[in-house]
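Everything below belongs to entry-v4.txt, which stores compact mmCIF, C-alpha atoms.
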```txt
# COMPACT_ATOMS: atom_id res chain seq x y z
CA MET A 1 47.61 57.12 -37.15
CA TYR A 2 45.23 56.21 -39.98
CA SER A 3 45.70 56.34 -43.75
CA ILE A 4 43.28 56.52 -46.65
CA LEU A 5 44.41 53.81 -49.08
CA HIS A 6 43.21 53.09 -52.61
CA ARG A 7 44.39 50.89 -55.46
CA VAL A 8 43.17 51.54 -59.00
CA VAL A 9 44.11 49.91 -62.30
CA ILE A 10 44.01 52.30 -65.25
CA GLU A 11 44.24 51.30 -68.91
CA ALA A 12 46.90 53.87 -69.76
CA SER A 13 50.69 54.07 -69.73
CA ASN A 14 52.73 54.79 -66.60
CA GLU A 15 53.75 58.05 -68.25
CA ALA A 16 50.17 59.15 -68.93
CA VAL A 17 49.17 58.46 -65.30
CA PHE A 18 52.25 60.31 -64.04
CA ASN A 19 51.53 63.35 -66.22
CA ALA A 20 47.90 63.46 -65.08
CA ILE A 21 49.11 63.79 -61.48
CA LYS A 22 52.09 66.02 -62.21
CA THR A 23 50.69 68.78 -64.42
CA GLU A 24 48.20 71.61 -63.89
CA GLU A 25 46.27 70.48 -66.95
CA GLY A 26 46.10 66.89 -65.69
CA ILE A 27 45.07 67.66 -62.12
CA THR A 28 42.49 70.20 -63.30
CA ALA A 29 40.97 67.55 -65.58
CA TRP A 30 40.22 65.03 -62.82
CA TRP A 31 40.41 66.74 -59.38
CA SER A 32 39.93 70.51 -59.29
CA LYS A 33 41.40 73.74 -60.68
CA ALA A 34 45.15 73.45 -60.12
CA LYS A 35 48.04 75.89 -60.32
CA ILE A 36 51.67 74.77 -60.09
CA GLN A 37 54.56 77.15 -59.49
CA ASP A 38 58.01 75.70 -58.83
CA ASP A 39 57.42 73.06 -56.15
CA ARG A 40 54.07 74.43 -54.96
CA LEU A 41 50.63 73.15 -55.96
CA THR A 42 47.52 75.25 -55.29
CA LEU A 43 44.09 73.72 -55.64
CA ALA A 44 40.88 75.76 -55.84
CA PHE A 45 37.56 74.23 -54.90
CA GLY A 46 34.18 75.09 -53.42
CA GLU A 47 31.16 76.23 -55.41
CA SER A 48 33.02 79.02 -57.19
CA GLY A 49 36.62 78.11 -56.40
CA GLU A 50 36.59 80.25 -53.24
CA HIS A 51 38.49 77.73 -51.11
CA GLU A 52 42.13 76.83 -51.57
CA ALA A 53 44.51 74.12 -50.48
CA HIS A 54 48.28 74.54 -50.75
CA PHE A 55 50.78 71.74 -51.11
CA ASN A 56 54.53 71.40 -51.32
CA ILE A 57 55.56 68.93 -54.01
CA LYS A 58 57.84 66.92 -51.78
CA GLN A 59 58.85 64.19 -54.17
CA CYS A 60 58.49 63.65 -57.91
CA GLN A 61 60.15 60.69 -59.59
CA ALA A 62 59.29 60.39 -63.29
CA ASN A 63 56.60 57.76 -64.02
CA LYS A 64 56.93 56.29 -60.52
CA ASN A 65 56.05 58.45 -57.57
CA ILE A 66 54.65 61.82 -56.49
CA VAL A 67 54.29 63.07 -52.90
CA TRP A 68 52.49 66.25 -51.86
CA GLN A 69 52.56 67.76 -48.40
CA CYS A 70 49.53 69.91 -47.55
CA VAL A 71 50.81 73.12 -45.92
CA ALA A 72 47.55 75.11 -45.77
CA GLY A 73 43.88 74.23 -46.18
CA PRO A 74 41.55 71.48 -44.97
CA TRP A 75 44.25 68.78 -44.82
CA GLN A 76 46.94 70.83 -43.11
CA GLU A 77 46.74 68.57 -40.08
CA THR A 78 46.66 65.30 -41.98
CA GLY A 79 49.35 66.01 -44.37
CA GLU A 80 50.89 63.70 -46.85
CA PHE A 81 49.45 62.53 -50.19
CA GLU A 82 51.40 59.80 -51.95
CA PHE A 83 50.91 58.39 -55.46
CA ASN A 84 52.85 55.28 -56.50
CA ILE A 85 52.76 54.11 -60.10
CA SER A 86 53.65 50.57 -61.21
CA GLU A 87 53.17 48.22 -64.13
CA ASP A 88 49.99 46.18 -64.45
CA GLU A 89 49.01 43.72 -67.19
CA ARG A 90 46.07 46.02 -68.05
CA GLY A 91 48.22 49.16 -68.03
CA THR A 92 49.11 50.95 -64.82
CA CYS A 93 48.48 50.24 -61.17
CA LEU A 94 48.12 53.36 -59.04
CA HIS A 95 48.43 53.11 -55.27
CA PHE A 96 47.25 56.21 -53.44
CA ALA A 97 47.78 57.01 -49.76
CA HIS A 98 46.65 60.01 -47.72
CA HIS A 99 48.58 59.62 -44.49
CA GLY A 100 48.54 61.30 -41.12
CA TRP A 101 44.98 61.02 -39.82
CA LEU A 102 44.80 61.04 -36.02
CA ALA A 103 41.36 59.40 -36.12
CA ALA A 104 39.18 57.60 -38.68
CA ASP A 105 36.53 60.26 -38.00
CA ASP A 106 33.71 61.65 -40.16
CA PHE A 107 36.09 63.86 -42.17
CA TYR A 108 38.40 60.87 -42.81
CA GLN A 109 35.41 58.81 -43.99
CA HIS A 110 34.14 61.65 -46.19
CA CYS A 111 37.57 62.14 -47.78
CA ASN A 112 38.01 58.38 -48.20
CA CYS A 113 34.82 58.27 -50.27
CA LYS A 114 35.79 61.37 -52.28
CA TRP A 115 39.28 60.06 -53.10
CA ALA A 116 37.77 56.86 -54.46
CA PHE A 117 35.57 58.94 -56.77
CA PHE A 118 38.38 61.17 -58.02
CA LEU A 119 40.70 58.19 -58.65
CA ALA A 120 38.42 55.34 -59.80
CA SER A 121 35.75 57.38 -61.57
CA SER A 122 37.34 60.69 -62.59
CA LEU A 123 41.10 60.12 -63.13
CA LYS A 124 40.44 56.70 -64.69
CA ALA A 125 37.79 58.11 -67.06
CA TYR A 126 40.04 61.05 -67.97
CA LEU A 127 42.87 58.71 -68.96
CA GLU A 128 40.75 56.06 -70.65
CA THR A 129 38.18 58.25 -72.42
CA GLY A 130 39.65 61.76 -72.38
CA LEU A 131 36.89 63.07 -70.13
CA GLY A 132 37.31 63.29 -66.35
CA LEU A 133 34.72 64.27 -63.74
CA PRO A 134 36.56 66.94 -61.73
CA HIS A 135 35.00 68.95 -58.91
CA PRO A 136 32.11 69.98 -58.88
CA ASN A 137 31.09 66.74 -60.67
CA ASP A 138 31.88 64.74 -57.53
CA PRO A 139 28.88 63.41 -55.60
CA ASN A 140 27.63 65.83 -52.95
CA ILE A 141 28.06 63.47 -50.01
CA MET B 1 42.85 44.86 -37.68
CA TYR B 2 41.79 47.35 -40.35
CA SER B 3 38.35 48.58 -41.37
CA ILE B 4 36.99 50.12 -44.55
CA LEU B 5 35.03 53.19 -43.42
CA HIS B 6 32.79 55.49 -45.44
CA ARG B 7 30.33 58.26 -44.63
CA VAL B 8 27.76 59.35 -47.20
CA VAL B 9 24.91 61.86 -46.96
CA ILE B 10 21.88 60.88 -49.03
CA GLU B 11 18.91 63.13 -49.79
CA ALA B 12 16.32 60.53 -48.83
CA SER B 13 14.49 59.43 -45.68
CA ASN B 14 16.01 57.08 -43.11
CA GLU B 15 13.34 54.57 -44.10
CA ALA B 16 14.20 54.71 -47.80
CA VAL B 17 17.91 54.17 -47.06
CA PHE B 18 17.09 51.29 -44.71
CA ASN B 19 14.84 49.61 -47.29
CA ALA B 20 17.50 49.94 -49.99
CA ILE B 21 19.90 47.96 -47.78
CA LYS B 22 17.34 45.54 -46.37
CA THR B 23 15.46 44.28 -49.42
CA GLU B 24 16.42 42.15 -52.45
CA GLU B 25 15.00 44.80 -54.76
CA GLY B 26 17.01 47.54 -53.07
CA ILE B 27 20.35 45.73 -52.93
CA THR B 28 19.95 44.54 -56.54
CA ALA B 29 19.37 48.15 -57.64
CA TRP B 30 22.67 49.50 -56.29
CA TRP B 31 25.08 46.61 -55.55
CA SER B 32 24.48 43.34 -57.36
CA LYS B 33 21.83 40.65 -57.88
CA ALA B 34 20.62 39.79 -54.37
CA LYS B 35 18.49 37.01 -52.94
CA ILE B 36 17.23 37.04 -49.33
CA GLN B 37 15.82 34.00 -47.58
CA ASP B 38 15.10 34.21 -43.87
CA ASP B 39 18.26 35.67 -42.35
CA ARG B 40 20.54 34.80 -45.31
CA LEU B 41 21.60 37.13 -48.10
CA THR B 42 23.16 35.75 -51.29
CA LEU B 43 24.84 38.08 -53.74
CA ALA B 44 25.71 37.09 -57.32
CA PHE B 45 28.47 38.90 -59.21
CA GLY B 46 31.12 38.37 -61.85
CA GLU B 47 30.62 38.87 -65.58
CA SER B 48 27.57 36.59 -65.74
CA GLY B 49 26.73 36.25 -62.06
CA GLU B 50 28.91 33.14 -61.76
CA HIS B 51 30.40 34.11 -58.37
CA GLU B 52 28.49 34.21 -55.12
CA ALA B 53 28.93 35.63 -51.65
CA HIS B 54 26.81 34.45 -48.73
CA PHE B 55 26.00 36.49 -45.66
CA ASN B 56 24.12 35.98 -42.42
CA ILE B 57 21.96 38.98 -41.59
CA LYS B 58 23.26 39.34 -38.05
CA GLN B 59 21.41 42.47 -37.01
CA CYS B 60 18.54 44.47 -38.47
CA GLN B 61 17.03 47.36 -36.54
CA ALA B 62 14.37 49.26 -38.48
CA ASN B 63 15.66 52.52 -40.04
CA LYS B 64 18.81 52.39 -37.89
CA ASN B 65 21.21 49.55 -38.41
CA ILE B 66 21.99 46.46 -40.51
CA VAL B 67 24.91 44.06 -39.99
CA TRP B 68 25.88 41.26 -42.38
CA GLN B 69 28.43 38.56 -41.64
CA CYS B 70 30.05 37.04 -44.72
CA VAL B 71 30.06 33.24 -44.28
CA ALA B 72 31.24 32.20 -47.76
CA GLY B 73 32.84 34.04 -50.66
CA PRO B 74 35.63 36.56 -51.14
CA TRP B 75 35.13 38.26 -47.77
CA GLN B 76 34.81 35.13 -45.65
CA GLU B 77 38.03 36.02 -43.86
CA THR B 78 37.24 39.68 -43.36
CA GLY B 79 33.76 39.32 -42.22
CA GLU B 80 31.49 41.98 -40.93
CA PHE B 81 29.63 44.65 -42.91
CA GLU B 82 27.86 47.30 -40.84
CA PHE B 83 25.45 50.03 -41.99
CA ASN B 84 24.40 52.72 -39.51
CA ILE B 85 21.67 55.19 -40.44
CA SER B 86 21.15 58.55 -38.72
CA GLU B 87 19.46 61.89 -39.30
CA ASP B 88 21.18 64.60 -41.32
CA GLU B 89 19.90 68.06 -42.19
CA ARG B 90 20.03 67.07 -45.89
CA GLY B 91 18.26 63.74 -45.29
CA THR B 92 20.16 60.70 -44.05
CA CYS B 93 23.71 60.07 -42.97
CA LEU B 94 24.95 56.55 -43.71
CA HIS B 95 28.05 55.23 -41.99
CA PHE B 96 29.43 52.06 -43.52
CA ALA B 97 32.10 49.80 -42.06
CA HIS B 98 33.64 46.61 -43.43
CA HIS B 99 35.56 45.24 -40.46
CA GLY B 100 38.03 42.46 -39.90
CA TRP B 101 40.89 43.07 -42.36
CA LEU B 102 44.20 41.63 -41.13
CA ALA B 103 46.13 43.95 -43.46
CA ALA B 104 45.42 47.06 -45.55
CA ASP B 105 46.61 45.06 -48.58
CA ASP B 106 45.77 45.34 -52.28
CA PHE B 107 42.42 43.57 -51.86
CA TYR B 108 41.50 45.92 -48.97
CA GLN B 109 42.42 48.93 -51.13
CA HIS B 110 40.46 47.56 -54.11
CA CYS B 111 37.36 46.91 -51.96
CA ASN B 112 37.72 50.31 -50.29
CA CYS B 113 37.49 51.99 -53.71
CA LYS B 114 34.59 49.76 -54.82
CA TRP B 115 32.55 50.40 -51.66
CA ALA B 116 32.88 54.15 -52.19
CA PHE B 117 31.47 53.71 -55.68
CA PHE B 118 28.54 51.54 -54.61
CA LEU B 119 27.63 53.88 -51.74
CA ALA B 120 28.43 57.40 -52.97
CA SER B 121 27.69 56.91 -56.67
CA SER B 122 25.26 53.98 -56.97
CA LEU B 123 23.17 53.79 -53.76
CA LYS B 124 22.98 57.61 -53.57
CA ALA B 125 21.88 57.89 -57.21
CA TYR B 126 19.34 55.08 -56.78
CA LEU B 127 17.73 56.86 -53.82
CA GLU B 128 17.94 60.40 -55.22
CA THR B 129 17.11 59.75 -58.89
CA GLY B 130 15.60 56.25 -58.98
CA LEU B 131 18.52 54.88 -61.02
CA GLY B 132 21.47 53.13 -59.37
CA LEU B 133 24.67 51.86 -60.99
CA PRO B 134 24.86 48.26 -59.74
CA HIS B 135 27.50 45.76 -60.81
CA PRO B 136 28.65 45.54 -63.65
CA ASN B 137 28.40 49.35 -63.93
CA ASP B 138 31.17 49.74 -61.34
CA PRO B 139 34.54 50.90 -62.67
CA ASN B 140 36.79 48.02 -63.70
CA ILE B 141 39.66 48.90 -61.35
```
Hey, can you dump this file as structure tokens for me?
Amino acid sequence: MYSILHRVVIEASNEAVFNAIKTEEGITAWWSKAKIQDDRLTLAFGESGEHEAHFNIKQCQANKNIVWQCVAGPWQETGEFEFNISEDERGTCLHFAHHGWLAADDFYQHCNCKWAFFLASSLKAYLETGLGLPHPNDPNI
Amino acid sequence: MYSILHRVVIEASNEAVFNAIKTEEGITAWWSKAKIQDDRLTLAFGESGEHEAHFNIKQCQANKNIVWQCVAGPWQETGEFEFNISEDERGTCLHFAHHGWLAADDFYQHCNCKWAFFLASSLKAYLETGLGLPHPNDPNI
């Protein structure tokens, strides 16, 4: 099994990082149009939001940890998305893992690159400047 | 052993992608200040270029493949950087691998994020628009 793994330091509080990953407004500001109902997250993407991915919010520990399980959509096979939040002298350290890849294939490598953009360029900019770069601002790789 | 693996499609010719990775001018435009002498590449980085990394250019096959071996600097332990260039209907597909990591530790995760930026945001922009985002334009993660 392979995992996509990223570490990003963000000059914002643990709480601000947590809220950006927990709320519809936050996720929409740095990833893509999000809808949360109870413990389900739905993400719309594609040129006009015509594709969807559905996640169960499996774990959610305030200012510390969020885990989503993809139950339908492009990552249904690969599964688990984990965000871990910890203190850093510059603010917050975010560790991200997308687990469950059977191979480090082209789709893994594509998603690895995309996750780096959404975390290090978009989420970071959203929290530090107020302006993220959500889909479709991501590079068309 | 772990590898950092990225796949990026760039709207440019195989030759243009190869030259951007082969020449001082190219590397300086998307990564950091580069100097090439014979089969040695030296890269300067840090706030005022005070740090260096030294590589042997181990393999260089026109428009297809470049391999660097880090012989001194932060990646001396982790070693081998491989670029593979192939055709894509939108231009060129670039597969990048940074091999030789003993663990997927914090430094691996940091470099994984940085490589995505330099390839998908900086190298791609340099080749598609003429303007890259070399160090120190990379996000301070």
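Minimum atom-to-atom distances from B:Glu128, B:Glu77, B:Asp106, B:Glu15 to chain A were compared using only C-alpha atoms, and the lowest value belongs to B:Asp106.
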Practice item. Select all residues from chain A having any atom no more than 8 Å from an atom of chain B (counting only C-alpha atoms, ignoring ligands), output as a ChimeraX atom specification. Key: /A:5-10,104,106,109-110,112-114,116-117,120-121,139-141
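Take CA of His99 (chain B) and CA of Ile85 (chain B): the distance between them is 17.1 Å.
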Over every C-alpha pair, in sequence order, do a least-squares fit of chain A onto chain B and save the fitted chain as a PDB file with C-alpha atoms, in the coordinates of the input.
```pdb
ATOM      1  CA  MET A   1      42.849  44.885 -37.642  1.00  0.00           C
ATOM      2  CA  TYR A   2      41.791  47.358 -40.338  1.00  0.00           C
ATOM      3  CA  SER A   3      38.341  48.584 -41.360  1.00  0.00           C
ATOM      4  CA  ILE A   4      36.982  50.122 -44.535  1.00  0.00           C
ATOM      5  CA  LEU A   5      35.037  53.203 -43.415  1.00  0.00           C
ATOM      6  CA  HIS A   6      32.783  55.493 -45.437  1.00  0.00           C
ATOM      7  CA  ARG A   7      30.336  58.269 -44.624  1.00  0.00           C
ATOM      8  CA  VAL A   8      27.754  59.348 -47.196  1.00  0.00           C
ATOM      9  CA  VAL A   9      24.903  61.847 -46.969  1.00  0.00           C
ATOM     10  CA  ILE A  10      21.875  60.879 -49.047  1.00  0.00           C
ATOM     11  CA  GLU A  11      18.902  63.127 -49.797  1.00  0.00           C
ATOM     12  CA  ALA A  12      16.308  60.527 -48.841  1.00  0.00           C
ATOM     13  CA  SER A  13      14.495  59.428 -45.693  1.00  0.00           C
ATOM     14  CA  ASN A  14      16.013  57.090 -43.103  1.00  0.00           C
ATOM     15  CA  GLU A  15      13.350  54.577 -44.095  1.00  0.00           C
ATOM     16  CA  ALA A  16      14.200  54.718 -47.802  1.00  0.00           C
ATOM     17  CA  VAL A  17      17.917  54.173 -47.065  1.00  0.00           C
ATOM     18  CA  PHE A  18      17.087  51.300 -44.709  1.00  0.00           C
ATOM     19  CA  ASN A  19      14.849  49.605 -47.284  1.00  0.00           C
ATOM     20  CA  ALA A  20      17.504  49.938 -49.991  1.00  0.00           C
ATOM     21  CA  ILE A  21      19.906  47.965 -47.784  1.00  0.00           C
ATOM     22  CA  LYS A  22      17.344  45.545 -46.382  1.00  0.00           C
ATOM     23  CA  THR A  23      15.470  44.275 -49.436  1.00  0.00           C
ATOM     24  CA  GLU A  24      16.417  42.146 -52.447  1.00  0.00           C
ATOM     25  CA  GLU A  25      15.005  44.796 -54.760  1.00  0.00           C
ATOM     26  CA  GLY A  26      17.015  47.549 -53.062  1.00  0.00           C
ATOM     27  CA  ILE A  27      20.344  45.734 -52.935  1.00  0.00           C
ATOM     28  CA  THR A  28      19.953  44.545 -56.531  1.00  0.00           C
ATOM     29  CA  ALA A  29      19.373  48.150 -57.627  1.00  0.00           C
ATOM     30  CA  TRP A  30      22.673  49.510 -56.288  1.00  0.00           C
ATOM     31  CA  TRP A  31      25.090  46.615 -55.536  1.00  0.00           C
ATOM     32  CA  SER A  32      24.489  43.336 -57.365  1.00  0.00           C
ATOM     33  CA  LYS A  33      21.841  40.642 -57.869  1.00  0.00           C
ATOM     34  CA  ALA A  34      20.614  39.785 -54.373  1.00  0.00           C
ATOM     35  CA  LYS A  35      18.493  36.995 -52.936  1.00  0.00           C
ATOM     36  CA  ILE A  36      17.242  37.033 -49.342  1.00  0.00           C
ATOM     37  CA  GLN A  37      15.815  33.988 -47.591  1.00  0.00           C
ATOM     38  CA  ASP A  38      15.092  34.198 -43.866  1.00  0.00           C
ATOM     39  CA  ASP A  39      18.277  35.658 -42.374  1.00  0.00           C
ATOM     40  CA  ARG A  40      20.540  34.782 -45.311  1.00  0.00           C
ATOM     41  CA  LEU A  41      21.625  37.133 -48.098  1.00  0.00           C
ATOM     42  CA  THR A  42      23.158  35.750 -51.302  1.00  0.00           C
ATOM     43  CA  LEU A  43      24.849  38.071 -53.748  1.00  0.00           C
ATOM     44  CA  ALA A  44      25.707  37.101 -57.330  1.00  0.00           C
ATOM     45  CA  PHE A  45      28.440  38.898 -59.214  1.00  0.00           C
ATOM     46  CA  GLY A  46      31.085  38.372 -61.874  1.00  0.00           C
ATOM     47  CA  GLU A  47      30.551  38.848 -65.598  1.00  0.00           C
ATOM     48  CA  SER A  48      27.494  36.603 -65.744  1.00  0.00           C
ATOM     49  CA  GLY A  49      26.681  36.245 -62.053  1.00  0.00           C
ATOM     50  CA  GLU A  50      28.862  33.127 -61.755  1.00  0.00           C
ATOM     51  CA  HIS A  51      30.375  34.095 -58.398  1.00  0.00           C
ATOM     52  CA  GLU A  52      28.481  34.201 -55.131  1.00  0.00           C
ATOM     53  CA  ALA A  53      28.931  35.624 -51.671  1.00  0.00           C
ATOM     54  CA  HIS A  54      26.820  34.449 -48.734  1.00  0.00           C
ATOM     55  CA  PHE A  55      26.005  36.483 -45.665  1.00  0.00           C
ATOM     56  CA  ASN A  56      24.137  35.967 -42.430  1.00  0.00           C
ATOM     57  CA  ILE A  57      21.961  38.958 -41.581  1.00  0.00           C
ATOM     58  CA  LYS A  58      23.257  39.342 -38.062  1.00  0.00           C
ATOM     59  CA  GLN A  59      21.408  42.453 -37.021  1.00  0.00           C
ATOM     60  CA  CYS A  60      18.536  44.463 -38.477  1.00  0.00           C
ATOM     61  CA  GLN A  61      17.037  47.350 -36.539  1.00  0.00           C
ATOM     62  CA  ALA A  62      14.377  49.250 -38.497  1.00  0.00           C
ATOM     63  CA  ASN A  63      15.660  52.520 -40.029  1.00  0.00           C
ATOM     64  CA  LYS A  64      18.825  52.401 -37.910  1.00  0.00           C
ATOM     65  CA  ASN A  65      21.224  49.550 -38.418  1.00  0.00           C
ATOM     66  CA  ILE A  66      21.993  46.467 -40.512  1.00  0.00           C
ATOM     67  CA  VAL A  67      24.908  44.055 -39.995  1.00  0.00           C
ATOM     68  CA  TRP A  68      25.878  41.253 -42.370  1.00  0.00           C
ATOM     69  CA  GLN A  69      28.417  38.557 -41.636  1.00  0.00           C
ATOM     70  CA  CYS A  70      30.054  37.040 -44.726  1.00  0.00           C
ATOM     71  CA  VAL A  71      30.061  33.245 -44.286  1.00  0.00           C
ATOM     72  CA  ALA A  72      31.252  32.196 -47.764  1.00  0.00           C
ATOM     73  CA  GLY A  73      32.849  34.019 -50.686  1.00  0.00           C
ATOM     74  CA  PRO A  74      35.635  36.561 -51.161  1.00  0.00           C
ATOM     75  CA  TRP A  75      35.135  38.261 -47.776  1.00  0.00           C
ATOM     76  CA  GLN A  76      34.822  35.130 -45.664  1.00  0.00           C
ATOM     77  CA  GLU A  77      38.029  36.023 -43.861  1.00  0.00           C
ATOM     78  CA  THR A  78      37.239  39.688 -43.358  1.00  0.00           C
ATOM     79  CA  GLY A  79      33.771  39.332 -42.219  1.00  0.00           C
ATOM     80  CA  GLU A  80      31.494  41.977 -40.923  1.00  0.00           C
ATOM     81  CA  PHE A  81      29.623  44.653 -42.907  1.00  0.00           C
ATOM     82  CA  GLU A  82      27.864  47.296 -40.840  1.00  0.00           C
ATOM     83  CA  PHE A  83      25.457  50.023 -41.987  1.00  0.00           C
ATOM     84  CA  ASN A  84      24.404  52.729 -39.520  1.00  0.00           C
ATOM     85  CA  ILE A  85      21.674  55.182 -40.453  1.00  0.00           C
ATOM     86  CA  SER A  86      21.161  58.550 -38.737  1.00  0.00           C
ATOM     87  CA  GLU A  87      19.476  61.885 -39.299  1.00  0.00           C
ATOM     88  CA  ASP A  88      21.196  64.589 -41.325  1.00  0.00           C
ATOM     89  CA  GLU A  89      19.925  68.072 -42.203  1.00  0.00           C
ATOM     90  CA  ARG A  90      20.033  67.060 -45.896  1.00  0.00           C
ATOM     91  CA  GLY A  91      18.281  63.739 -45.276  1.00  0.00           C
ATOM     92  CA  THR A  92      20.154  60.693 -44.045  1.00  0.00           C
ATOM     93  CA  CYS A  93      23.717  60.069 -42.980  1.00  0.00           C
ATOM     94  CA  LEU A  94      24.945  56.554 -43.714  1.00  0.00           C
ATOM     95  CA  HIS A  95      28.056  55.249 -41.985  1.00  0.00           C
ATOM     96  CA  PHE A  96      29.422  52.064 -43.516  1.00  0.00           C
ATOM     97  CA  ALA A  97      32.101  49.805 -42.038  1.00  0.00           C
ATOM     98  CA  HIS A  98      33.645  46.617 -43.412  1.00  0.00           C
ATOM     99  CA  HIS A  99      35.566  45.256 -40.451  1.00  0.00           C
ATOM    100  CA  GLY A 100      38.040  42.469 -39.908  1.00  0.00           C
ATOM    101  CA  TRP A 101      40.892  43.071 -42.347  1.00  0.00           C
ATOM    102  CA  LEU A 102      44.194  41.631 -41.126  1.00  0.00           C
ATOM    103  CA  ALA A 103      46.128  43.956 -43.448  1.00  0.00           C
ATOM    104  CA  ALA A 104      45.419  47.070 -45.533  1.00  0.00           C
ATOM    105  CA  ASP A 105      46.610  45.074 -48.559  1.00  0.00           C
ATOM    106  CA  ASP A 106      45.777  45.345 -52.271  1.00  0.00           C
ATOM    107  CA  PHE A 107      42.418  43.580 -51.836  1.00  0.00           C
ATOM    108  CA  TYR A 108      41.501  45.937 -48.956  1.00  0.00           C
ATOM    109  CA  GLN A 109      42.407  48.944 -51.126  1.00  0.00           C
ATOM    110  CA  HIS A 110      40.460  47.567 -54.098  1.00  0.00           C
ATOM    111  CA  CYS A 111      37.373  46.921 -51.956  1.00  0.00           C
ATOM    112  CA  ASN A 112      37.711  50.327 -50.285  1.00  0.00           C
ATOM    113  CA  CYS A 113      37.489  51.989 -53.700  1.00  0.00           C
ATOM    114  CA  LYS A 114      34.582  49.769 -54.803  1.00  0.00           C
ATOM    115  CA  TRP A 115      32.552  50.415 -51.636  1.00  0.00           C
ATOM    116  CA  ALA A 116      32.880  54.153 -52.177  1.00  0.00           C
ATOM    117  CA  PHE A 117      31.461  53.718 -55.684  1.00  0.00           C
ATOM    118  CA  PHE A 118      28.539  51.540 -54.616  1.00  0.00           C
ATOM    119  CA  LEU A 119      27.623  53.881 -51.728  1.00  0.00           C
ATOM    120  CA  ALA A 120      28.409  57.410 -52.980  1.00  0.00           C
ATOM    121  CA  SER A 121      27.680  56.916 -56.674  1.00  0.00           C
ATOM    122  CA  SER A 122      25.270  53.979 -56.973  1.00  0.00           C
ATOM    123  CA  LEU A 123      23.172  53.793 -53.761  1.00  0.00           C
ATOM    124  CA  LYS A 124      22.981  57.600 -53.568  1.00  0.00           C
ATOM    125  CA  ALA A 125      21.885  57.893 -57.221  1.00  0.00           C
ATOM    126  CA  TYR A 126      19.345  55.085 -56.777  1.00  0.00           C
ATOM    127  CA  LEU A 127      17.729  56.873 -53.834  1.00  0.00           C
ATOM    128  CA  GLU A 128      17.934  60.394 -55.224  1.00  0.00           C
ATOM    129  CA  THR A 129      17.121  59.742 -58.892  1.00  0.00           C
ATOM    130  CA  GLY A 130      15.619  56.247 -58.984  1.00  0.00           C
ATOM    131  CA  LEU A 131      18.517  54.874 -61.013  1.00  0.00           C
ATOM    132  CA  GLY A 132      21.471  53.120 -59.368  1.00  0.00           C
ATOM    133  CA  LEU A 133      24.673  51.862 -60.994  1.00  0.00           C
ATOM    134  CA  PRO A 134      24.868  48.266 -59.733  1.00  0.00           C
ATOM    135  CA  HIS A 135      27.515  45.762 -60.806  1.00  0.00           C
ATOM    136  CA  PRO A 136      28.659  45.527 -63.643  1.00  0.00           C
ATOM    137  CA  ASN A 137      28.400  49.348 -63.909  1.00  0.00           C
ATOM    138  CA  ASP A 138      31.169  49.729 -61.327  1.00  0.00           C
ATOM    139  CA  PRO A 139      34.542  50.890 -62.657  1.00  0.00           C
ATOM    140  CA  ASN A 140      36.800  48.012 -63.687  1.00  0.00           C
ATOM    141  CA  ILE A 141      39.656  48.877 -61.344  1.00  0.00           C
TER     142      ILE A 141
END
```
Exercise for review: Please identify all polymer residues within 12 Å of Gly49 (chain B), counting all atoms listed in the file, omitting same-chain residues fewer than 6 positions from it, and present them as a PyMOL selection string.
Suggested key: chain B and resi 32-34+42-43+135-136
Exercise for review: Write out as number ranges by chain which residues come within 10 Å of Ala20 (chain B) when counting all atoms listed in the file, dropping same-chain ones fewer than 2 positions away.
Suggested key: B: 15-18, 22-31, 123, 126-127
Study note, to complete from the structure: Pairwise distance, CA of Glu82 (chain B) with CA of Thr78 (chain A), equals 26.1 Å
Check your understanding: CA of Ile57 (chain A) to CA of Asn137 (chain A): how many Å, to one decimal?
Key -> 25.5 Å
**Study point:** Selection near Glu52 (chain A), 12 Å with all atoms listed in the file, sequence-local residues under 3 positions removed, as JSON, numbers by chain
**Key:** {"A": [32, 33, 34, 35, 41, 42, 43, 44, 45, 46, 47, 48, 49, 55, 70, 71, 72, 73, 74, 75, 76]}
Output C-alpha atoms of each residue in that selection to a file, as a compact mmCIF listing (two decimals), in the frame of the given file.
```txt
# COMPACT_ATOMS: atom_id res chain seq x y z
CA SER A 32 39.93 70.51 -59.29
CA LYS A 33 41.40 73.74 -60.68
CA ALA A 34 45.15 73.45 -60.12
CA LYS A 35 48.04 75.89 -60.32
CA LEU A 41 50.63 73.15 -55.96
CA THR A 42 47.52 75.25 -55.29
CA LEU A 43 44.09 73.72 -55.64
CA ALA A 44 40.88 75.76 -55.84
CA PHE A 45 37.56 74.23 -54.90
CA GLY A 46 34.18 75.09 -53.42
CA GLU A 47 31.16 76.23 -55.41
CA SER A 48 33.02 79.02 -57.19
CA GLY A 49 36.62 78.11 -56.40
CA PHE A 55 50.78 71.74 -51.11
CA CYS A 70 49.53 69.91 -47.55
CA VAL A 71 50.81 73.12 -45.92
CA ALA A 72 47.55 75.11 -45.77
CA GLY A 73 43.88 74.23 -46.18
CA PRO A 74 41.55 71.48 -44.97
CA TRP A 75 44.25 68.78 -44.82
CA GLN A 76 46.94 70.83 -43.11
```
Enclose all atoms of region 53-58 of chain A listed in the file in an axis-aligned box, grow every side by 4 Å, and hand back centre and edge lengths in Å to one decimal, as AutoDock Vina command-line options.
```
--center_x 51.2 --center_y 70.7 --center_z -52.2 --size_x 21.3 --size_y 15.6 --size_z 11.5
```
Review point. Counting all atoms listed in the file, which of A:Arg40, A:Ala12, A:Thr129, A:Met1 gets nearest to His98 (chain A)?
Key: A:Met1
